[in-house]
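Novice: This is the content of query_21.pdb (PDB, C-alpha atoms):
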```
MODEL        1
ATOM      1  CA  MET I   1      -7.217 -11.665 -22.161  1.00  0.00           C
ATOM      2  CA  GLY I   2     -10.521 -13.107 -23.313  1.00  0.00           C
ATOM      3  CA  ARG I   3     -13.830 -11.279 -23.553  1.00  0.00           C
ATOM      4  CA  ARG I   4     -15.060 -12.550 -20.182  1.00  0.00           C
ATOM      5  CA  GLU I   5     -11.858 -11.470 -18.379  1.00  0.00           C
ATOM      6  CA  ARG I   6     -11.994  -8.045 -20.061  1.00  0.00           C
ATOM      7  CA  LYS I   7     -15.597  -7.613 -18.930  1.00  0.00           C
ATOM      8  CA  LYS I   8     -14.721  -8.614 -15.348  1.00  0.00           C
ATOM      9  CA  ALA I   9     -11.774  -6.201 -15.328  1.00  0.00           C
ATOM     10  CA  ALA I  10     -13.956  -3.396 -16.705  1.00  0.00           C
ATOM     11  CA  THR I  11     -16.618  -4.022 -14.044  1.00  0.00           C
ATOM     12  CA  ARG I  12     -13.986  -4.089 -11.311  1.00  0.00           C
ATOM     13  CA  GLN I  13     -12.510  -0.810 -12.564  1.00  0.00           C
ATOM     14  CA  ALA I  14     -15.960   0.807 -12.839  1.00  0.00           C
ATOM     15  CA  LEU I  15     -16.683  -0.174  -9.237  1.00  0.00           C
ATOM     16  CA  ALA I  16     -13.357   1.158  -7.958  1.00  0.00           C
ATOM     17  CA  ASP I  17     -13.806   4.407  -9.907  1.00  0.00           C
ATOM     18  CA  ALA I  18     -17.392   4.896  -8.691  1.00  0.00           C
ATOM     19  CA  ALA I  19     -16.378   4.192  -5.097  1.00  0.00           C
ATOM     20  CA  LEU I  20     -13.484   6.631  -5.191  1.00  0.00           C
ATOM     21  CA  ARG I  21     -15.623   9.356  -6.742  1.00  0.00           C
ATOM     22  CA  LEU I  22     -18.407   8.878  -4.172  1.00  0.00           C
ATOM     23  CA  PHE I  23     -16.035   8.606  -1.209  1.00  0.00           C
ATOM     24  CA  LEU I  24     -14.233  11.812  -2.216  1.00  0.00           C
ATOM     25  CA  ASP I  25     -17.516  13.673  -2.765  1.00  0.00           C
ATOM     26  CA  ARG I  26     -19.428  12.481   0.308  1.00  0.00           C
ATOM     27  CA  GLY I  27     -16.939  10.842   2.659  1.00  0.00           C
ATOM     28  CA  PHE I  28     -16.430   7.146   3.257  1.00  0.00           C
ATOM     29  CA  ASP I  29     -18.984   6.780   6.055  1.00  0.00           C
ATOM     30  CA  ARG I  30     -21.747   8.487   4.057  1.00  0.00           C
ATOM     31  CA  VAL I  31     -21.564   6.109   1.098  1.00  0.00           C
ATOM     32  CA  SER I  32     -23.180   2.683   1.134  1.00  0.00           C
ATOM     33  CA  VAL I  33     -22.302  -0.336  -0.962  1.00  0.00           C
ATOM     34  CA  ARG I  34     -25.710   0.097  -2.579  1.00  0.00           C
ATOM     35  CA  ASP I  35     -24.728   3.658  -3.606  1.00  0.00           C
ATOM     36  CA  ILE I  36     -21.591   2.312  -5.257  1.00  0.00           C
ATOM     37  CA  ALA I  37     -23.479  -0.472  -7.008  1.00  0.00           C
ATOM     38  CA  GLU I  38     -26.021   1.999  -8.380  1.00  0.00           C
ATOM     39  CA  ALA I  39     -23.305   4.375  -9.578  1.00  0.00           C
ATOM     40  CA  ALA I  40     -21.606   1.504 -11.430  1.00  0.00           C
ATOM     41  CA  ASP I  41     -24.959   0.094 -12.653  1.00  0.00           C
ATOM     42  CA  VAL I  42     -24.495  -3.323 -11.033  1.00  0.00           C
ATOM     43  CA  SER I  43     -26.051  -5.228  -8.127  1.00  0.00           C
ATOM     44  CA  THR I  44     -24.628  -5.161  -4.599  1.00  0.00           C
ATOM     45  CA  THR I  45     -23.909  -8.879  -5.044  1.00  0.00           C
ATOM     46  CA  THR I  46     -21.662  -7.977  -7.977  1.00  0.00           C
ATOM     47  CA  VAL I  47     -19.768  -5.508  -5.780  1.00  0.00           C
ATOM     48  CA  PHE I  48     -18.961  -8.278  -3.301  1.00  0.00           C
ATOM     49  CA  LYS I  49     -17.959 -10.677  -6.094  1.00  0.00           C
ATOM     50  CA  HIS I  50     -15.152  -8.255  -6.942  1.00  0.00           C
ATOM     51  CA  PHE I  51     -14.301  -6.779  -3.533  1.00  0.00           C
ATOM     52  CA  PRO I  52     -14.480  -8.461  -0.114  1.00  0.00           C
ATOM     53  CA  SER I  53     -15.402  -5.250   1.725  1.00  0.00           C
ATOM     54  CA  LYS I  54     -16.270  -1.602   1.252  1.00  0.00           C
ATOM     55  CA  GLU I  55     -12.735  -0.621   2.316  1.00  0.00           C
ATOM     56  CA  ALA I  56     -11.198  -2.883  -0.321  1.00  0.00           C
ATOM     57  CA  LEU I  57     -12.763  -0.740  -3.060  1.00  0.00           C
ATOM     58  CA  LEU I  58     -10.114   1.928  -2.382  1.00  0.00           C
ATOM     59  CA  PHE I  59      -7.148  -0.414  -2.131  1.00  0.00           C
ATOM     60  CA  ASP I  60      -7.452  -2.431  -5.323  1.00  0.00           C
ATOM     61  CA  LEU I  61      -3.749  -2.496  -6.276  1.00  0.00           C
ATOM     62  CA  ASP I  62      -2.646  -4.756  -3.429  1.00  0.00           C
ATOM     63  CA  SER I  63      -1.029  -7.500  -5.519  1.00  0.00           C
ATOM     64  CA  ASP I  64       0.813  -4.937  -7.674  1.00  0.00           C
ATOM     65  CA  ARG I  65       2.435  -3.505  -4.559  1.00  0.00           C
ATOM     66  CA  GLU I  66       3.628  -6.878  -3.334  1.00  0.00           C
ATOM     67  CA  THR I  67       5.103  -7.691  -6.748  1.00  0.00           C
ATOM     68  CA  ALA I  68       6.922  -4.340  -6.737  1.00  0.00           C
ATOM     69  CA  LEU I  69       8.367  -4.922  -3.253  1.00  0.00           C
ATOM     70  CA  ILE I  70       9.733  -8.328  -4.206  1.00  0.00           C
ATOM     71  CA  ALA I  71      11.200  -6.877  -7.413  1.00  0.00           C
ATOM     72  CA  VAL I  72      12.953  -4.161  -5.392  1.00  0.00           C
ATOM     73  CA  VAL I  73      14.875  -6.867  -3.530  1.00  0.00           C
ATOM     74  CA  ARG I  74      15.478  -9.203  -6.452  1.00  0.00           C
ATOM     75  CA  ASP I  75      16.266  -6.605  -9.114  1.00  0.00           C
ATOM     76  CA  ARG I  76      18.310  -4.135  -7.086  1.00  0.00           C
ATOM     77  CA  PRO I  77      21.463  -2.799  -8.752  1.00  0.00           C
ATOM     78  CA  GLU I  78      24.719  -4.660  -8.211  1.00  0.00           C
ATOM     79  CA  GLY I  79      26.326  -3.566  -4.964  1.00  0.00           C
ATOM     80  CA  MET I  80      23.163  -1.971  -3.518  1.00  0.00           C
ATOM     81  CA  SER I  81      22.154  -3.288  -0.128  1.00  0.00           C
ATOM     82  CA  ILE I  82      18.645  -4.544   0.499  1.00  0.00           C
ATOM     83  CA  PRO I  83      17.886  -1.753   3.003  1.00  0.00           C
ATOM     84  CA  GLY I  84      19.265   0.736   0.465  1.00  0.00           C
ATOM     85  CA  ALA I  85      17.005  -0.614  -2.280  1.00  0.00           C
ATOM     86  CA  LEU I  86      13.985  -0.550   0.046  1.00  0.00           C
ATOM     87  CA  ARG I  87      14.853   3.027   1.077  1.00  0.00           C
ATOM     88  CA  GLU I  88      14.989   4.148  -2.553  1.00  0.00           C
ATOM     89  CA  HIS I  89      11.689   2.412  -3.281  1.00  0.00           C
ATOM     90  CA  THR I  90      10.057   4.029  -0.243  1.00  0.00           C
ATOM     91  CA  LEU I  91      11.358   7.471  -1.207  1.00  0.00           C
ATOM     92  CA  ARG I  92      10.172   7.029  -4.790  1.00  0.00           C
ATOM     93  CA  THR I  93       6.698   5.767  -3.910  1.00  0.00           C
ATOM     94  CA  HIS I  94       6.280   8.363  -1.175  1.00  0.00           C
ATOM     95  CA  SER I  95       7.010  11.159  -3.642  1.00  0.00           C
ATOM     96  CA  GLU I  96       4.737   9.744  -6.376  1.00  0.00           C
ATOM     97  CA  GLY I  97       1.688  11.899  -6.666  1.00  0.00           C
ATOM     98  CA  ALA I  98       3.272  14.756  -4.738  1.00  0.00           C
ATOM     99  CA  GLY I  99       1.609  17.922  -5.944  1.00  0.00           C
ATOM    100  CA  ASP I 100      -1.311  15.963  -7.438  1.00  0.00           C
ATOM    101  CA  PRO I 101      -4.552  17.343  -5.950  1.00  0.00           C
ATOM    102  CA  GLU I 102      -6.434  14.071  -6.527  1.00  0.00           C
ATOM    103  CA  MET I 103      -3.743  12.095  -4.710  1.00  0.00           C
ATOM    104  CA  ALA I 104      -3.803  14.619  -1.863  1.00  0.00           C
ATOM    105  CA  ARG I 105      -7.581  14.145  -1.565  1.00  0.00           C
ATOM    106  CA  PHE I 106      -7.168  10.357  -1.589  1.00  0.00           C
ATOM    107  CA  VAL I 107      -4.508  10.486   1.152  1.00  0.00           C
ATOM    108  CA  GLU I 108      -6.639  12.874   3.207  1.00  0.00           C
ATOM    109  CA  LEU I 109      -9.651  10.552   2.869  1.00  0.00           C
ATOM    110  CA  THR I 110      -7.722   7.438   3.862  1.00  0.00           C
ATOM    111  CA  GLN I 111      -5.946   9.120   6.772  1.00  0.00           C
ATOM    112  CA  SER I 112      -8.996  10.916   8.165  1.00  0.00           C
ATOM    113  CA  THR I 113     -11.200   7.812   8.146  1.00  0.00           C
ATOM    114  CA  PRO I 114     -10.215   5.385  10.924  1.00  0.00           C
ATOM    115  CA  ALA I 115     -11.619   2.320   9.118  1.00  0.00           C
ATOM    116  CA  LEU I 116      -9.648   3.158   5.960  1.00  0.00           C
ATOM    117  CA  ARG I 117      -6.484   4.029   7.851  1.00  0.00           C
ATOM    118  CA  GLU I 118      -6.531   0.693   9.710  1.00  0.00           C
ATOM    119  CA  TYR I 119      -7.512  -1.313   6.624  1.00  0.00           C
ATOM    120  CA  GLY I 120      -4.718   0.308   4.607  1.00  0.00           C
ATOM    121  CA  ARG I 121      -2.159  -0.468   7.295  1.00  0.00           C
ATOM    122  CA  ARG I 122      -3.281  -4.113   7.608  1.00  0.00           C
ATOM    123  CA  MET I 123      -3.272  -4.478   3.835  1.00  0.00           C
ATOM    124  CA  TRP I 124       0.246  -3.012   3.585  1.00  0.00           C
ATOM    125  CA  MET I 125       1.617  -5.208   6.363  1.00  0.00           C
ATOM    126  CA  ARG I 126       0.227  -8.352   4.658  1.00  0.00           C
ATOM    127  CA  HIS I 127       3.245  -8.060   2.357  1.00  0.00           C
ATOM    128  CA  GLU I 128       5.602  -8.720   5.265  1.00  0.00           C
ATOM    129  CA  SER I 129       5.912 -12.485   4.747  1.00  0.00           C
ATOM    130  CA  ALA I 130       6.495 -12.215   0.999  1.00  0.00           C
ATOM    131  CA  LEU I 131       9.084  -9.476   1.498  1.00  0.00           C
ATOM    132  CA  ALA I 132      10.835 -11.454   4.244  1.00  0.00           C
ATOM    133  CA  ALA I 133      10.959 -14.505   1.969  1.00  0.00           C
ATOM    134  CA  ALA I 134      12.446 -12.428  -0.861  1.00  0.00           C
ATOM    135  CA  ILE I 135      15.069 -10.999   1.511  1.00  0.00           C
ATOM    136  CA  ALA I 136      15.945 -14.486   2.782  1.00  0.00           C
ATOM    137  CA  GLU I 137      16.234 -15.809  -0.761  1.00  0.00           C
ATOM    138  CA  ALA I 138      18.445 -12.889  -1.827  1.00  0.00           C
ATOM    139  CA  THR I 139      20.770 -13.342   1.130  1.00  0.00           C
ATOM    140  CA  GLY I 140      20.813 -17.130   1.232  1.00  0.00           C
ATOM    141  CA  ALA I 141      19.283 -17.123   4.717  1.00  0.00           C
ATOM    142  CA  PRO I 142      16.733 -19.686   5.871  1.00  0.00           C
ATOM    143  CA  GLU I 143      13.172 -18.749   4.899  1.00  0.00           C
ATOM    144  CA  ASP I 144      12.187 -18.282   8.565  1.00  0.00           C
ATOM    145  CA  ASP I 145      15.234 -16.133   9.453  1.00  0.00           C
ATOM    146  CA  PRO I 146      14.208 -13.625  12.155  1.00  0.00           C
ATOM    147  CA  GLY I 147      16.611 -10.973  10.859  1.00  0.00           C
ATOM    148  CA  CYS I 148      15.012 -11.055   7.401  1.00  0.00           C
ATOM    149  CA  ALA I 149      11.552 -10.939   8.973  1.00  0.00           C
ATOM    150  CA  ALA I 150      12.555  -7.973  11.151  1.00  0.00           C
ATOM    151  CA  LEU I 151      13.982  -6.057   8.187  1.00  0.00           C
ATOM    152  CA  ALA I 152      10.792  -6.673   6.194  1.00  0.00           C
ATOM    153  CA  HIS I 153       8.597  -5.624   9.119  1.00  0.00           C
ATOM    154  CA  PHE I 154      10.423  -2.424   9.944  1.00  0.00           C
ATOM    155  CA  ALA I 155      10.909  -1.440   6.299  1.00  0.00           C
ATOM    156  CA  LEU I 156       7.144  -1.707   5.767  1.00  0.00           C
ATOM    157  CA  GLU I 157       6.374   0.088   9.054  1.00  0.00           C
ATOM    158  CA  THR I 158       8.395   3.066   7.797  1.00  0.00           C
ATOM    159  CA  VAL I 159       5.325   4.127   5.807  1.00  0.00           C
ATOM    160  CA  SER I 160       3.310   4.530   9.034  1.00  0.00           C
ATOM    161  CA  PHE I 161       6.252   6.110  10.842  1.00  0.00           C
ATOM    162  CA  VAL I 162       6.603   8.815   8.182  1.00  0.00           C
ATOM    163  CA  ARG I 163       2.930   9.730   7.982  1.00  0.00           C
ATOM    164  CA  GLY I 164       2.254  13.215   9.291  1.00  0.00           C
ATOM    165  CA  ARG I 165       5.897  14.223   9.694  1.00  0.00           C
ATOM    166  CA  ALA I 166       6.926  17.641   8.415  1.00  0.00           C
ATOM    167  CA  ASP I 167       9.954  16.280   6.556  1.00  0.00           C
ATOM    168  CA  ALA I 168       9.013  12.840   5.273  1.00  0.00           C
ATOM    169  CA  ARG I 169      12.223  12.425   3.288  1.00  0.00           C
ATOM    170  CA  GLN I 170      14.355  13.036   6.366  1.00  0.00           C
ATOM    171  CA  ALA I 171      12.250  10.573   8.370  1.00  0.00           C
ATOM    172  CA  ILE I 172      12.601   7.890   5.680  1.00  0.00           C
ATOM    173  CA  GLU I 173      16.361   8.462   5.491  1.00  0.00           C
ATOM    174  CA  ALA I 174      16.686   8.244   9.297  1.00  0.00           C
ATOM    175  CA  ALA I 175      14.628   5.055   9.536  1.00  0.00           C
ATOM    176  CA  PHE I 176      16.583   3.293   6.809  1.00  0.00           C
ATOM    177  CA  ALA I 177      19.941   4.497   8.167  1.00  0.00           C
ATOM    178  CA  LEU I 178      18.981   2.768  11.384  1.00  0.00           C
ATOM    179  CA  LEU I 179      17.930  -0.386   9.516  1.00  0.00           C
ATOM    180  CA  GLU I 180      21.104  -0.439   7.447  1.00  0.00           C
ATOM    181  CA  HIS I 181      23.706   0.577   9.986  1.00  0.00           C
ATOM    182  CA  GLY I 182      22.168   0.137  13.427  1.00  0.00           C
ATOM    183  CA  TRP I 183      21.827   2.504  16.345  1.00  0.00           C
ATOM    184  CA  PRO I 184      25.515   3.497  16.817  1.00  0.00           C
ATOM    185  CA  ALA I 185      25.915   4.384  13.120  1.00  0.00           C
ATOM    186  CA  ALA I 186      22.830   6.602  13.319  1.00  0.00           C
ATOM    187  CA  GLY I 187      24.841   8.865  15.652  1.00  0.00           C
ATOM    188  CA  ARG I 188      23.225   7.681  18.881  1.00  0.00           C
ATOM    189  CA  ARG I 189      24.870   6.491  22.061  1.00  0.00           C
TER     190      ARG I 189
ENDMDL
END
```
Here is a file; write its structure as structure tokens.
Specialist:
Amino acid sequence: MGRRERKKAATRQALADAALRLFLDRGFDRVSVRDIAEAADVSTTTVFKHFPSKEALLFDLDSDRETALIAVVRDRPEGMSIPGALREHTLRTHSEGAGDPEMARFVELTQSTPALREYGRRMWMRHESALAAAIAEATGAPEDDPGCAALAHFALETVSFVRGRADARQAIEAAFALLEHGWPAAGRR
């Protein structure tokens, strides 16, 4: 990475860090883009060169998440089903940060702020097409296969389904049992 790219990355990180710190201290709605720019010692124009919106400042790892989802499908162990691999990934990522007070504050902020909650959900669901394409490729199905698209959609929606449940692990397991085996196999009639 050249000097210019390093400087851009450092500015982007400084903005994301300043935004997170301010949002956690004051609340999302009480922080302006100007406040963030001042905290990072840049102009508001610079903020918008790096992030398309105020909400985007909190969700700056979007492309990393999509890459990870595709890798889950492509790099799953021999003999592991795609729903099984997605279940394991969901369980692992859901438990990351468990017990971390900073992560708990971040989750509380994003879930208690309607604009952040909706932005986060839309951002997460943007990965649906890429995940569906990876599933189709892995199974040899046509790229526009509705079954692959449905699996991608419902696997991603599991994150919203689990939110706020007392036993998240059990909810994830139940959702993916349904995706993998269907309604009758989930013990329903």
Novice: Just checking: using only C-alpha atoms, which residue out of I:Gly140, I:Gly79, I:Pro101, I:Pro114 ends up closest to Phe28 of chain I?
Specialist: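 Looking only at the distances to Phe28 of chain I, the closest residue turns out to be I:Pro114.
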Novice: Could you check the closest approach to Asp35 of chain I for each of I:His50, I:Ala68, I:Arg126, I:Ala19 and tell me which residue wins, using only C-alpha atoms?
Specialist: I:Ala19
Novice: Restricting the calculation to only C-alpha atoms: of I:Phe154, I:Phe176, I:Phe48, I:Phe59, which residue gets closest to Tyr119 of chain I?
Specialist: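 For Tyr119 of chain I, the nearest of the candidates is I:Phe59.
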Novice: Given all atoms listed in the file as the basis, pick out the residue of I:Ala168, I:Leu156, I:Leu15, I:Met103 nearest to Met125 of chain I.
Specialist: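 Ranking I:Ala168, I:Leu156, I:Leu15, I:Met103 by distance to Met125 of chain I, first place goes to I:Leu156.
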Novice: Using Å and a single decimal, report how far atom CA of Arg169 of chain I sits from atom CA of Ala104 of chain I.
Specialist: 17.0 Å
Novice: Between I:Arg26, I:Arg21, I:Arg12, I:Arg121, which has the minimum distance to Val47 of chain I (counting all atoms listed in the file)?
Specialist: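 Once distances to Val47 of chain I are computed over all atoms listed in the file, the minimum belongs to I:Arg12.
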Novice: Excluding Arg76 of chain I and any residue of its chain fewer than 4 positions from it, enumerate the residues within 7 Å of it, using only C-alpha atoms, and give them as an MDAnalysis selection string.
Specialist: chainID I and resid 72 80 85
Novice: Box time for segment 98-114 of chain I: axis-aligned, enclosing all its listed atoms, 4 Å extra on each side; report centre and edge lengths in Å to one decimal, as AutoDock Vina command-line options.
Specialist:
```
--center_x -4.0 --center_y 11.7 --center_z 1.7 --size_x 22.5 --size_y 20.5 --size_z 26.4
```
Novice: Could you give me, as a ChimeraX atom specification, the residues that sit within 10 Å of (19.7, -4.6, 1.9) in the file's coordinates, counting all atoms listed in the file?
Specialist: /I:72-73,76,79-87,135,138-139,148,151,176,179-180
Novice: Using only C-alpha atoms - which residues lie no farther than 12 Å from the point (-10.8, 0.7, 7.4) in the file's frame? Write them as a ChimeraX atom specification.
Specialist: /I:28-29,53-59,109-123
Novice: Find the distance between atom CA of Glu143 of chain I and atom CA of Thr67 of chain I and write it in Å to one decimal.
Specialist: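 Between these atoms lies a distance of 18.0 Å.
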Novice: I'd like to know which of I:Glu128, I:Glu157, I:Asp75, I:Asp100 is closest to Ala175 of chain I, using all atoms listed in the file.
Specialist: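 Looking at the shortest contact to Ala175 of chain I, the residue is I:Glu157.
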